[in-house]
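Let me begin by presenting the structure, written as structure tokens, before commenting on it.
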Number of protein chains: 2
Amino acid sequence: MRVRQAAKASGIRAVERAVAILRTFSSSTPELSVSELGRAVGLHKSTVHRLLGTLERTGFVVQDPGTKRYRLGLPLFELGSMVVNTLEVRRVARPYLEEIHRACGETVHLGILDEGEVVYIDKIESTRRVRMYSQVGRRAPAHCTGLGKVLLAQLPDASLAEVIERRGLRRFTSKTITSPKELRDHCALIRQQGYALDTGEHEELIQCAAAAIHDHTGKVVAAVSITSVAAAMDQHRVAEHVSLVQQAARKISEGLGATLHIRQKELPGSPARPATARPLTSGR
Amino acid sequence: MRVRQAAKASGIRAVERAVAILRTFSSSTPELSVSELGRAVGLHKSTVHRLLGTLERTGFVVQDPGTKRYRLGLPLFELGSMVVNTLEVRRVARPYLEEIHRACGETVHLGILDEGEVVYIDKIESTRRVRMYSQVGRRAPAHCTGLGKVLLAQLPDASLAEVIERRGLRRFTSKTITSPKELRDHCALIRQQGYALDTGEHEELIQCAAAAIHDHTGKVVAAVSITSVAAAMDQHRVAEHVSLVQQAARKISEGLGATLHIRQKELPGSPARPATARPLTSGR
DNA sequence: ATGGCCGTTCCGCGGTATGGGACATCTATG
DNA sequence: CATAGATGTCCCATACCGCGGAACGGCCAT
């Protein structure tokens with residue numbers, strides 16, 4: 001019974017264990033056996049078996065009758081879908097994501113910050129041959145992605161510090177920002193210019209432009225980004241992407257009832273008015 | 001302690017209750033209070049409170065600090081997304097759904113059968129002004145939808161009977177098939193012609209065309225459909241949609257390793273070759 | 001054959017989930 | 001302002017039920 005267990009402020013053990021079992025499934029191991037699960041969560045086979053039995057009757061897991069192995073069930077998908085389907089920002093943002101996609105053909109992401117990480121809640125896949133790999137529902141580190149940084153930049157200093165504390169600043173490439181001070185300064189820059197760029201900080205060849213979305217209270221609730229392969233990019237394309245995400249973010253914010261906050265910077269070098277590119281006509 | 005409780009073959013009570021609580025959340029009630037949940041699942045406040053506390057620490061629910069009410073958390077979304085992201089058919093089908101969408105501009109659905117109901121696992125929204133309302137992750141009855149019927153049609157007689165038994169044949173419109181015999185005959189027709197049509201059987205003004213997708217074992221694993229508004233449709237459009245879903249279903253099946261089963265019927269009235277429409281060029 | 005690994009089942013013990021109750025807070029009402 | 005009801009939260013003794021050890025049978029590779 002001394003099975004790890006640390007935090008004394010305990011919840012219901014059986015429920016915690018059931019959740020632990022569910023969370024053991026991952027994209028790389030979508031199918032697990034009783035014994036594997038037992039080893040993974042540190043529980044006796046029979047205990048796992050009983051928990052799985054219960055979860056199976058609720059549909060949260062299903063057992064392959066042939067291999068006897070378990071996988072997650074569709075009811076979980078239903079519940080999970082509800083979570084995002086009821087996120088207003090996702091509903092409002094969709095058309096504008098499509099707009100961006102039509103304008104540039106690249107991969108477009110909508111993401112939010114949860115527990116100091118980016119969660120992709122919607123995406124439109126690039127039509128180009130070379131694509132970045134991502135999946136809606138997955139998480140990504142915040143300190144080295146465009147979406148993440150633009151979201152971090154809106155956090156109060158204390159919250160940012162806490163996130164850094166909790167998640168660390170893991171290095172992924174030579175470009176990754178790994179110093180807290182540097183990240184703070186970078187966030188200040190992002191706030192000032194109104195958008196974030198990721199130039200190969202997470203994956204060497206990937207770069208992206210992101211802008212934050214505000215709700216009616218002015219709070220940042222999500223961000224939108226365009227991801228592209230670095231090789232195909234030049235100054236002009238970057239400026240265009242920045243312009244696209246900024247305009248989309250503004251429109252989505254308005255759709256959420258945000259009353260247009262003053263800050264609306266332009267790209268350095270482009271005119272003071274949003275005349276740079278006008279690929280976002282109103283539809284048709 | 002005599003709280004309903006019927007099925008003797010019991011699982012772990014706490015886990016079952018936790019799941020019951022999670023499942024109480026719905027699109028129409030995405031936010032619930034302790035008391036509401038208590039009433040809904042028939043449990044004492046304090047019990048629900050403790051369960052929620054446990055679920056909250058796992059992230060499966062979150063409590064709004066202001067209103068004290070609970071909603072489902074993003075980790076559930078992660079798990080749920082994994083379920084579909086690991087469904088091979090979804091990955092394989094995506095490009096072909098896009099192909100269909102480019103060809104006709106209508107709403108395109110990918111669905112599977114679970115527990116006698118249709119579950120939408122992917123969709124591309126119509127670009128037209130009038131759209132059918134649907135959400136990925138939601139369920140729909142099988143007996144009155146194109147996707148559902150084409151999936152039901154592939155079931156052994158016994159399974160179909162069981163589904164009818166379990167789910168009934170609820171009437172939604174004047175067109176809904178509500179007689180088991182009629183449904184069986186209709187399924188036979190669907191098998192024979194290789195596609196299903198729904199002409200306002202679920203919602204008066206909605207119609208759709210659907211075709212089944214086979215995996216490498218020849219088993220039907222999913223189906224693809226085009227949904228459109230009846231008013232805008234004529235004979236020719238219907239034929240075009242049927243052709244589109246059939247071709248896409250065939251390609252997706254091939255993508256899953258299916259070795260082209262013989263059955264490949266044509267629309268009555270159209271030539272014996274798939275020359276009708278050729279909107280499916282190979283890419284871009 | 002045989003040993004190892006697997007999933008499954010059973011059972012008695014000890015821990016623990018339970019629900020009543022108490023309390024503070026908040027809102028609506030008189 | 002007082003009051004009544006509803007709500008969220010916390011605590012506790014007890015009955016019950018989840019726990020894991022052990023044992024069984026099936027399946028595979030050695």
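Lettering and numbering for the structure tokens are positional, with chains as A, B, ... in the shown order, residues counted from 1 in each chain, and ligands counted from 1 in the shown order.
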Exercise. Compile the contact shell of C:DC23 as a PyMOL selection string: residues with an atom at most 12 Å away, counting only C-alpha atoms (C1' of nucleotides), same-chain residues fewer than 6 positions apart removed.
Key: chain D and resi 7-11
Exercise. Mind the document's chain letters and residue numbers, and return as JSON, numbers by chain the residues of stretch 7-209 of chain A that DSSP labels strand (DSSP E or B).
Key: {"A": [32, 61, 62, 63, 70, 71, 72, 107, 108, 109, 110, 111, 112, 113, 114, 117, 118, 119, 120, 121, 122, 123, 124, 139, 140, 141, 196, 197, 198, 199, 206, 207, 208, 209]}
Prev. selection, C-alpha atoms, output as a JSON list (two decimals), in the first residue's frame:
```json
[["chain", "number", "residue", "atom", "x", "y", "z"],
["A", 32, "LEU", "CA", -2.29, -1.19, -23.48],
["A", 61, "VAL", "CA", -12.21, 2.13, -22.36],
["A", 62, "VAL", "CA", -12.91, -0.75, -24.69],
["A", 63, "GLN", "CA", -11.24, -4.09, -24.76],
["A", 70, "TYR", "CA", -7.54, -1.94, -23.94],
["A", 71, "ARG", "CA", -7.94, 1.37, -25.72],
["A", 72, "LEU", "CA", -9.85, 4.53, -24.96],
["A", 107, "THR", "CA", -1.22, 25.64, -41.43],
["A", 108, "VAL", "CA", -3.34, 27.78, -39.11],
["A", 109, "HIS", "CA", -3.66, 27.08, -35.39],
["A", 110, "LEU", "CA", -5.93, 28.26, -32.63],
["A", 111, "GLY", "CA", -4.54, 27.67, -29.17],
["A", 112, "ILE", "CA", -5.04, 28.49, -25.53],
["A", 113, "LEU", "CA", -2.82, 28.39, -22.48],
["A", 114, "ASP", "CA", -3.51, 25.74, -19.88],
["A", 117, "GLU", "CA", 1.35, 24.90, -21.85],
["A", 118, "VAL", "CA", -0.21, 25.51, -25.22],
["A", 119, "VAL", "CA", -3.22, 23.40, -26.12],
["A", 120, "TYR", "CA", -4.23, 23.36, -29.76],
["A", 121, "ILE", "CA", -7.99, 23.63, -29.92],
["A", 122, "ASP", "CA", -8.43, 24.02, -33.64],
["A", 123, "LYS", "CA", -6.36, 23.87, -36.74],
["A", 124, "ILE", "CA", -6.50, 24.00, -40.48],
["A", 139, "ARG", "CA", 0.02, 20.13, -25.97],
["A", 140, "ALA", "CA", 3.18, 21.99, -26.78],
["A", 141, "PRO", "CA", 5.63, 23.97, -24.66],
["A", 196, "ALA", "CA", 5.04, 36.99, -31.64],
["A", 197, "LEU", "CA", 7.37, 35.24, -34.01],
["A", 198, "ASP", "CA", 8.86, 31.81, -33.55],
["A", 199, "THR", "CA", 11.90, 31.35, -35.71],
["A", 206, "ILE", "CA", 9.53, 25.67, -38.51],
["A", 207, "GLN", "CA", 8.61, 29.25, -37.99],
["A", 208, "CYS", "CA", 5.40, 30.94, -37.15],
["A", 209, "ALA", "CA", 3.62, 34.20, -36.46]]
```
Quiz prompt | Residues within 9 Å of B:Val34, only C-alpha atoms (C1' of nucleotides), excluding chain neighbours under 6 positions, as a PyMOL selection string | solution = (chain B and resi 45-46+48-49+52+68-70) or (chain D and resi 7-8)
Exercise. Using DSSP on the backbone coordinates, identify all residues within stretch 53-131 of chain B classified as alpha helix (DSSP H); present the result as a ChimeraX atom specification.
Key: /B:53-58,74-85,88-104
Take chain A, lay it over chain B with a least-squares fit on all the Cα atoms in order, then hand it over as an mmCIF file with C-alpha atoms, in the first residue's frame.
```
data_model
loop_
_atom_site.group_PDB
_atom_site.id
_atom_site.type_symbol
_atom_site.label_atom_id
_atom_site.label_comp_id
_atom_site.auth_asym_id
_atom_site.auth_seq_id
_atom_site.Cartn_x
_atom_site.Cartn_y
_atom_site.Cartn_z
ATOM 1 C CA MET A 1 -27.926 3.799 -0.061
ATOM 2 C CA ARG A 2 -30.817 2.514 -2.123
ATOM 3 C CA VAL A 3 -29.909 5.170 -4.636
ATOM 4 C CA ARG A 4 -31.411 3.604 -7.780
ATOM 5 C CA GLN A 5 -28.693 1.034 -8.530
ATOM 6 C CA ALA A 6 -29.965 -1.889 -10.507
ATOM 7 C CA ALA A 7 -27.427 -3.981 -12.392
ATOM 8 C CA LYS A 8 -25.995 -6.245 -9.761
ATOM 9 C CA ALA A 9 -22.820 -7.002 -11.650
ATOM 10 C CA SER A 10 -21.367 -3.934 -10.048
ATOM 11 C CA GLY A 11 -18.156 -2.146 -10.747
ATOM 12 C CA ILE A 12 -16.385 0.223 -8.434
ATOM 13 C CA ARG A 13 -19.048 2.544 -7.163
ATOM 14 C CA ALA A 14 -16.910 5.613 -6.729
ATOM 15 C CA VAL A 15 -15.592 5.327 -10.256
ATOM 16 C CA GLU A 16 -19.025 4.772 -11.721
ATOM 17 C CA ARG A 17 -20.285 7.795 -9.899
ATOM 18 C CA ALA A 18 -17.377 9.900 -11.052
ATOM 19 C CA VAL A 19 -18.088 8.913 -14.635
ATOM 20 C CA ALA A 20 -21.786 9.593 -14.151
ATOM 21 C CA ILE A 21 -20.917 13.063 -12.969
ATOM 22 C CA LEU A 22 -18.695 13.716 -15.951
ATOM 23 C CA ARG A 23 -21.388 12.505 -18.297
ATOM 24 C CA THR A 24 -23.935 14.820 -16.790
ATOM 25 C CA PHE A 25 -22.210 17.706 -18.492
ATOM 26 C CA SER A 26 -23.564 18.334 -21.950
ATOM 27 C CA SER A 27 -23.387 20.948 -24.648
ATOM 28 C CA SER A 28 -26.570 22.475 -23.321
ATOM 29 C CA THR A 29 -25.371 22.418 -19.713
ATOM 30 C CA PRO A 30 -21.630 22.846 -19.888
ATOM 31 C CA GLU A 31 -21.513 24.285 -16.397
ATOM 32 C CA LEU A 32 -23.053 22.720 -13.330
ATOM 33 C CA SER A 33 -23.071 23.320 -9.607
ATOM 34 C CA VAL A 34 -22.538 20.771 -6.883
ATOM 35 C CA SER A 35 -26.227 20.712 -6.052
ATOM 36 C CA GLU A 36 -27.350 20.393 -9.641
ATOM 37 C CA LEU A 37 -25.024 17.478 -10.130
ATOM 38 C CA GLY A 38 -26.224 15.939 -6.921
ATOM 39 C CA ARG A 39 -29.812 16.071 -8.093
ATOM 40 C CA ALA A 40 -28.900 14.840 -11.552
ATOM 41 C CA VAL A 41 -27.077 11.730 -10.413
ATOM 42 C CA GLY A 42 -29.085 11.207 -7.240
ATOM 43 C CA LEU A 43 -26.311 11.648 -4.728
ATOM 44 C CA HIS A 44 -25.771 13.599 -1.598
ATOM 45 C CA LYS A 45 -24.171 16.976 -1.975
ATOM 46 C CA SER A 46 -21.172 16.044 0.094
ATOM 47 C CA THR A 47 -20.554 12.922 -1.941
ATOM 48 C CA VAL A 48 -20.639 14.875 -5.161
ATOM 49 C CA HIS A 49 -18.437 17.500 -3.666
ATOM 50 C CA ARG A 50 -15.820 14.967 -2.736
ATOM 51 C CA LEU A 51 -15.925 13.328 -6.131
ATOM 52 C CA LEU A 52 -15.632 16.701 -7.820
ATOM 53 C CA GLY A 53 -12.715 17.560 -5.620
ATOM 54 C CA THR A 54 -10.926 14.454 -6.745
ATOM 55 C CA LEU A 55 -11.770 15.052 -10.368
ATOM 56 C CA GLU A 56 -10.616 18.607 -10.092
ATOM 57 C CA ARG A 57 -7.195 17.591 -8.886
ATOM 58 C CA THR A 58 -6.845 15.440 -11.967
ATOM 59 C CA GLY A 59 -7.962 18.313 -14.173
ATOM 60 C CA PHE A 60 -10.987 16.467 -15.529
ATOM 61 C CA VAL A 61 -13.158 19.215 -14.136
ATOM 62 C CA VAL A 62 -12.356 22.788 -13.243
ATOM 63 C CA GLN A 63 -14.172 25.025 -10.864
ATOM 64 C CA ASP A 64 -14.860 28.602 -11.697
ATOM 65 C CA PRO A 65 -13.478 30.454 -8.680
ATOM 66 C CA GLY A 66 -16.160 33.102 -8.988
ATOM 67 C CA THR A 67 -19.359 31.179 -9.554
ATOM 68 C CA LYS A 68 -18.143 28.001 -7.820
ATOM 69 C CA ARG A 69 -19.636 26.040 -10.678
ATOM 70 C CA TYR A 70 -17.828 23.249 -12.454
ATOM 71 C CA ARG A 71 -17.052 22.546 -16.082
ATOM 72 C CA LEU A 72 -15.082 19.874 -17.868
ATOM 73 C CA GLY A 73 -11.353 20.402 -18.092
ATOM 74 C CA LEU A 74 -8.903 20.361 -20.947
ATOM 75 C CA PRO A 75 -7.206 17.082 -20.010
ATOM 76 C CA LEU A 76 -10.447 15.407 -21.026
ATOM 77 C CA PHE A 77 -10.110 17.117 -24.349
ATOM 78 C CA GLU A 78 -6.611 15.760 -24.675
ATOM 79 C CA LEU A 79 -7.714 12.219 -23.966
ATOM 80 C CA GLY A 80 -10.692 12.504 -26.248
ATOM 81 C CA SER A 81 -8.608 13.891 -29.079
ATOM 82 C CA MET A 82 -6.228 10.980 -28.721
ATOM 83 C CA VAL A 83 -9.065 8.608 -29.350
ATOM 84 C CA VAL A 84 -9.758 9.990 -32.790
ATOM 85 C CA ASN A 85 -6.239 11.023 -33.589
ATOM 86 C CA THR A 86 -5.238 7.406 -33.305
ATOM 87 C CA LEU A 87 -8.104 6.251 -35.490
ATOM 88 C CA GLU A 88 -6.342 5.434 -38.690
ATOM 89 C CA VAL A 89 -9.399 6.004 -40.822
ATOM 90 C CA ARG A 90 -9.579 9.611 -39.749
ATOM 91 C CA ARG A 91 -6.017 10.324 -40.746
ATOM 92 C CA VAL A 92 -6.391 8.584 -44.069
ATOM 93 C CA ALA A 93 -9.755 10.124 -44.843
ATOM 94 C CA ARG A 94 -8.932 13.760 -44.187
ATOM 95 C CA PRO A 95 -7.469 14.650 -47.588
ATOM 96 C CA TYR A 96 -10.388 13.044 -49.389
ATOM 97 C CA LEU A 97 -12.894 14.905 -47.261
ATOM 98 C CA GLU A 98 -11.139 18.049 -48.363
ATOM 99 C CA GLU A 99 -11.280 16.902 -51.935
ATOM 100 C CA ILE A 100 -15.023 16.427 -51.721
ATOM 101 C CA HIS A 101 -15.419 19.772 -50.091
ATOM 102 C CA ARG A 102 -13.471 21.517 -52.804
ATOM 103 C CA ALA A 103 -15.605 19.795 -55.393
ATOM 104 C CA CYS A 104 -19.020 20.702 -54.016
ATOM 105 C CA GLY A 105 -18.627 23.181 -51.168
ATOM 106 C CA GLU A 106 -21.093 21.360 -48.961
ATOM 107 C CA THR A 107 -20.676 20.046 -45.431
ATOM 108 C CA VAL A 108 -18.730 16.787 -45.436
ATOM 109 C CA HIS A 109 -18.868 14.305 -42.569
ATOM 110 C CA LEU A 110 -16.866 11.288 -41.536
ATOM 111 C CA GLY A 111 -18.672 9.035 -39.098
ATOM 112 C CA ILE A 112 -18.551 5.662 -37.443
ATOM 113 C CA LEU A 113 -21.098 3.469 -35.739
ATOM 114 C CA ASP A 114 -20.854 3.051 -31.988
ATOM 115 C CA GLU A 115 -23.483 1.360 -29.870
ATOM 116 C CA GLY A 116 -25.978 1.688 -32.666
ATOM 117 C CA GLU A 117 -25.495 5.390 -33.087
ATOM 118 C CA VAL A 118 -23.531 7.549 -35.469
ATOM 119 C CA VAL A 119 -20.554 9.400 -34.039
ATOM 120 C CA TYR A 120 -19.142 12.199 -36.133
ATOM 121 C CA ILE A 121 -15.378 11.940 -36.027
ATOM 122 C CA ASP A 122 -14.500 14.575 -38.567
ATOM 123 C CA LYS A 123 -16.205 17.204 -40.595
ATOM 124 C CA ILE A 124 -15.636 20.036 -42.982
ATOM 125 C CA GLU A 125 -18.123 22.837 -42.752
ATOM 126 C CA SER A 126 -20.077 24.057 -45.715
ATOM 127 C CA THR A 127 -19.036 27.362 -47.208
ATOM 128 C CA ARG A 128 -22.638 28.195 -47.992
ATOM 129 C CA ARG A 129 -24.765 30.547 -46.005
ATOM 130 C CA VAL A 130 -27.306 28.004 -44.896
ATOM 131 C CA ARG A 131 -25.586 25.239 -43.005
ATOM 132 C CA MET A 132 -26.632 22.200 -41.137
ATOM 133 C CA TYR A 133 -25.671 22.351 -37.508
ATOM 134 C CA SER A 134 -23.425 19.572 -36.286
ATOM 135 C CA GLN A 135 -20.385 19.091 -34.135
ATOM 136 C CA VAL A 136 -17.570 16.629 -34.211
ATOM 137 C CA GLY A 137 -17.939 14.310 -31.247
ATOM 138 C CA ARG A 138 -21.712 14.455 -31.189
ATOM 139 C CA ARG A 139 -23.950 11.498 -31.757
ATOM 140 C CA ALA A 140 -26.900 11.148 -34.059
ATOM 141 C CA PRO A 141 -29.466 8.400 -34.572
ATOM 142 C CA ALA A 142 -28.528 5.898 -37.239
ATOM 143 C CA HIS A 143 -31.865 4.958 -38.750
ATOM 144 C CA CYS A 144 -32.600 8.352 -40.206
ATOM 145 C CA THR A 145 -29.265 9.676 -41.373
ATOM 146 C CA GLY A 146 -27.295 8.882 -44.491
ATOM 147 C CA LEU A 147 -24.169 7.967 -42.573
ATOM 148 C CA GLY A 148 -26.150 5.882 -40.139
ATOM 149 C CA LYS A 149 -28.099 3.973 -42.733
ATOM 150 C CA VAL A 150 -25.132 3.108 -44.887
ATOM 151 C CA LEU A 151 -23.384 1.825 -41.775
ATOM 152 C CA LEU A 152 -26.410 -0.088 -40.546
ATOM 153 C CA ALA A 153 -26.769 -1.663 -43.962
ATOM 154 C CA GLN A 154 -23.460 -3.470 -43.506
ATOM 155 C CA LEU A 155 -24.457 -5.041 -40.219
ATOM 156 C CA PRO A 156 -25.431 -8.698 -39.971
ATOM 157 C CA ASP A 157 -29.194 -9.110 -39.591
ATOM 158 C CA ALA A 158 -28.879 -10.039 -35.938
ATOM 159 C CA SER A 159 -26.855 -6.937 -35.126
ATOM 160 C CA LEU A 160 -29.281 -4.715 -36.969
ATOM 161 C CA ALA A 161 -32.145 -6.244 -35.044
ATOM 162 C CA GLU A 162 -30.303 -5.647 -31.807
ATOM 163 C CA VAL A 163 -29.696 -2.008 -32.668
ATOM 164 C CA ILE A 164 -33.362 -1.514 -33.518
ATOM 165 C CA GLU A 165 -34.248 -3.187 -30.254
ATOM 166 C CA ARG A 166 -31.923 -0.998 -28.245
ATOM 167 C CA ARG A 167 -32.420 2.341 -29.921
ATOM 168 C CA GLY A 168 -35.879 2.062 -31.378
ATOM 169 C CA LEU A 169 -36.881 3.874 -34.535
ATOM 170 C CA ARG A 170 -37.893 7.251 -33.294
ATOM 171 C CA ARG A 171 -39.815 9.448 -35.704
ATOM 172 C CA PHE A 172 -38.262 12.821 -36.446
ATOM 173 C CA THR A 173 -40.082 13.879 -39.596
ATOM 174 C CA SER A 174 -42.811 12.535 -41.825
ATOM 175 C CA LYS A 175 -40.125 10.798 -43.866
ATOM 176 C CA THR A 176 -38.493 8.919 -41.017
ATOM 177 C CA ILE A 177 -38.475 5.166 -41.426
ATOM 178 C CA THR A 178 -40.089 3.782 -38.293
ATOM 179 C CA SER A 179 -40.898 0.228 -39.286
ATOM 180 C CA PRO A 180 -38.218 -2.410 -38.723
ATOM 181 C CA LYS A 181 -39.219 -4.292 -41.820
ATOM 182 C CA GLU A 182 -39.081 -1.192 -43.969
ATOM 183 C CA LEU A 183 -35.653 -0.368 -42.576
ATOM 184 C CA ARG A 184 -34.395 -3.852 -43.345
ATOM 185 C CA ASP A 185 -35.649 -3.605 -46.910
ATOM 186 C CA HIS A 186 -34.150 -0.172 -47.249
ATOM 187 C CA CYS A 187 -30.823 -1.498 -46.013
ATOM 188 C CA ALA A 188 -30.945 -4.207 -48.646
ATOM 189 C CA LEU A 189 -31.425 -1.534 -51.274
ATOM 190 C CA ILE A 190 -28.518 0.441 -49.875
ATOM 191 C CA ARG A 191 -26.273 -2.619 -50.028
ATOM 192 C CA GLN A 192 -27.338 -3.219 -53.582
ATOM 193 C CA GLN A 193 -26.769 0.288 -54.874
ATOM 194 C CA GLY A 194 -23.694 0.962 -52.774
ATOM 195 C CA TYR A 195 -24.755 4.237 -51.244
ATOM 196 C CA ALA A 196 -27.412 5.693 -48.955
ATOM 197 C CA LEU A 197 -29.550 8.760 -49.309
ATOM 198 C CA ASP A 198 -31.255 10.626 -46.521
ATOM 199 C CA THR A 199 -34.051 12.770 -47.830
ATOM 200 C CA GLY A 200 -35.276 14.724 -44.856
ATOM 201 C CA GLU A 201 -35.638 11.748 -42.576
ATOM 202 C CA HIS A 202 -33.901 13.373 -39.647
ATOM 203 C CA GLU A 203 -34.456 17.025 -40.325
ATOM 204 C CA GLU A 204 -37.057 18.137 -42.787
ATOM 205 C CA LEU A 205 -34.896 20.294 -45.023
ATOM 206 C CA ILE A 206 -31.675 18.359 -44.853
ATOM 207 C CA GLN A 207 -30.640 15.676 -47.226
ATOM 208 C CA CYS A 208 -27.463 13.776 -47.672
ATOM 209 C CA ALA A 209 -25.600 11.108 -49.586
ATOM 210 C CA ALA A 210 -23.296 8.624 -47.907
ATOM 211 C CA ALA A 211 -20.988 5.736 -48.785
ATOM 212 C CA ALA A 212 -19.214 3.153 -46.640
ATOM 213 C CA ILE A 213 -15.473 2.812 -46.071
ATOM 214 C CA HIS A 214 -13.860 -0.619 -45.745
ATOM 215 C CA ASP A 215 -10.605 -1.517 -44.066
ATOM 216 C CA HIS A 216 -8.056 -4.043 -45.241
ATOM 217 C CA THR A 217 -10.118 -6.913 -43.883
ATOM 218 C CA GLY A 218 -13.112 -5.781 -45.886
ATOM 219 C CA LYS A 219 -14.981 -4.744 -42.768
ATOM 220 C CA VAL A 220 -16.907 -1.475 -42.833
ATOM 221 C CA VAL A 221 -15.204 0.863 -40.404
ATOM 222 C CA ALA A 222 -16.648 4.258 -41.239
ATOM 223 C CA ALA A 223 -18.642 6.205 -43.779
ATOM 224 C CA VAL A 224 -18.411 9.523 -45.547
ATOM 225 C CA SER A 225 -21.295 11.814 -46.400
ATOM 226 C CA ILE A 226 -22.233 15.065 -48.059
ATOM 227 C CA THR A 227 -24.965 17.047 -46.378
ATOM 228 C CA SER A 228 -26.934 19.678 -48.210
ATOM 229 C CA VAL A 229 -30.078 21.736 -48.001
ATOM 230 C CA ALA A 230 -32.874 20.056 -49.880
ATOM 231 C CA ALA A 231 -34.087 23.208 -51.578
ATOM 232 C CA ALA A 232 -30.859 23.605 -53.489
ATOM 233 C CA MET A 233 -30.889 20.066 -54.799
ATOM 234 C CA ASP A 234 -32.041 18.449 -58.003
ATOM 235 C CA GLN A 235 -31.571 15.033 -59.612
ATOM 236 C CA HIS A 236 -28.271 16.035 -61.091
ATOM 237 C CA ARG A 237 -26.805 17.363 -57.872
ATOM 238 C CA VAL A 238 -27.842 14.253 -56.019
ATOM 239 C CA ALA A 239 -26.151 12.069 -58.624
ATOM 240 C CA GLU A 240 -23.044 14.198 -58.350
ATOM 241 C CA HIS A 241 -22.955 13.899 -54.576
ATOM 242 C CA VAL A 242 -23.451 10.164 -54.754
ATOM 243 C CA SER A 243 -20.612 9.919 -57.196
ATOM 244 C CA LEU A 244 -18.378 12.043 -54.982
ATOM 245 C CA VAL A 245 -18.933 10.060 -51.810
ATOM 246 C CA GLN A 246 -18.595 6.753 -53.602
ATOM 247 C CA GLN A 247 -15.314 7.699 -55.180
ATOM 248 C CA ALA A 248 -13.981 9.135 -51.951
ATOM 249 C CA ALA A 249 -15.062 6.080 -49.973
ATOM 250 C CA ARG A 250 -13.314 3.857 -52.465
ATOM 251 C CA LYS A 251 -10.093 5.841 -52.305
ATOM 252 C CA ILE A 252 -10.133 5.969 -48.522
ATOM 253 C CA SER A 253 -10.748 2.235 -48.387
ATOM 254 C CA GLU A 254 -7.777 1.718 -50.656
ATOM 255 C CA GLY A 255 -5.751 3.968 -48.393
ATOM 256 C CA LEU A 256 -6.650 1.592 -45.568
ATOM 257 C CA GLY A 257 -5.397 -1.314 -47.580
ATOM 258 C CA ALA A 258 -8.749 -2.572 -48.785
ATOM 259 C CA THR A 259 -8.462 -4.637 -51.904
ATOM 260 C CA LEU A 260 -11.257 -3.118 -53.917
ATOM 261 C CA HIS A 261 -14.281 -5.295 -53.468
ATOM 262 C CA ILE A 262 -16.169 -6.041 -56.603
ATOM 263 C CA ARG A 263 -19.408 -4.305 -55.757
ATOM 264 C CA GLN A 264 -19.250 -0.918 -57.372
ATOM 265 C CA LYS A 265 -22.667 0.061 -58.629
ATOM 266 C CA GLU A 266 -23.526 3.099 -60.604
ATOM 267 C CA LEU A 267 -26.410 5.451 -60.281
ATOM 268 C CA PRO A 268 -29.484 4.261 -62.131
ATOM 269 C CA GLY A 269 -29.539 6.108 -65.414
ATOM 270 C CA SER A 270 -25.869 6.946 -65.559
ATOM 271 C CA PRO A 271 -23.456 5.048 -67.766
ATOM 272 C CA ALA A 272 -21.887 1.837 -66.507
ATOM 273 C CA ARG A 273 -18.561 3.543 -66.114
ATOM 274 C CA PRO A 274 -17.709 6.197 -63.568
ATOM 275 C CA ALA A 275 -17.648 8.825 -66.275
ATOM 276 C CA THR A 276 -20.530 10.802 -64.787
ATOM 277 C CA ALA A 277 -18.528 13.470 -63.100
ATOM 278 C CA ARG A 278 -14.810 13.813 -62.850
ATOM 279 C CA PRO A 279 -14.346 16.488 -60.256
ATOM 280 C CA LEU A 280 -11.858 14.433 -58.336
ATOM 281 C CA THR A 281 -8.591 15.016 -60.081
ATOM 282 C CA SER A 282 -5.588 13.940 -58.156
ATOM 283 C CA GLY A 283 -4.772 17.159 -56.399
ATOM 284 C CA ARG A 284 -3.357 20.468 -57.425
#
```
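Atom C1' of C:DG4 is found 15.0 Å from atom C1' of D:DC24.
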Self-check item: Close residues, D:DA15 itself excluded, 12 Å, only C-alpha atoms (C1' of nucleotides), min 5 positions apart in chain, as a ChimeraX atom specification
Solution: /B:1 /C:15-19
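With distances restricted to only C-alpha atoms (C1' of nucleotides), D:DC17 is the closest residue to chain B from D:DA23, D:DC12, D:DC17, D:DA4.
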Self-check item: Residue nearest chain B among D:DA6, D:DA22, D:DC28, D:DA13 (counting only C-alpha atoms (C1' of nucleotides))
Solution: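 Answer, going by the shortest atom-to-atom distance: D:DA6.
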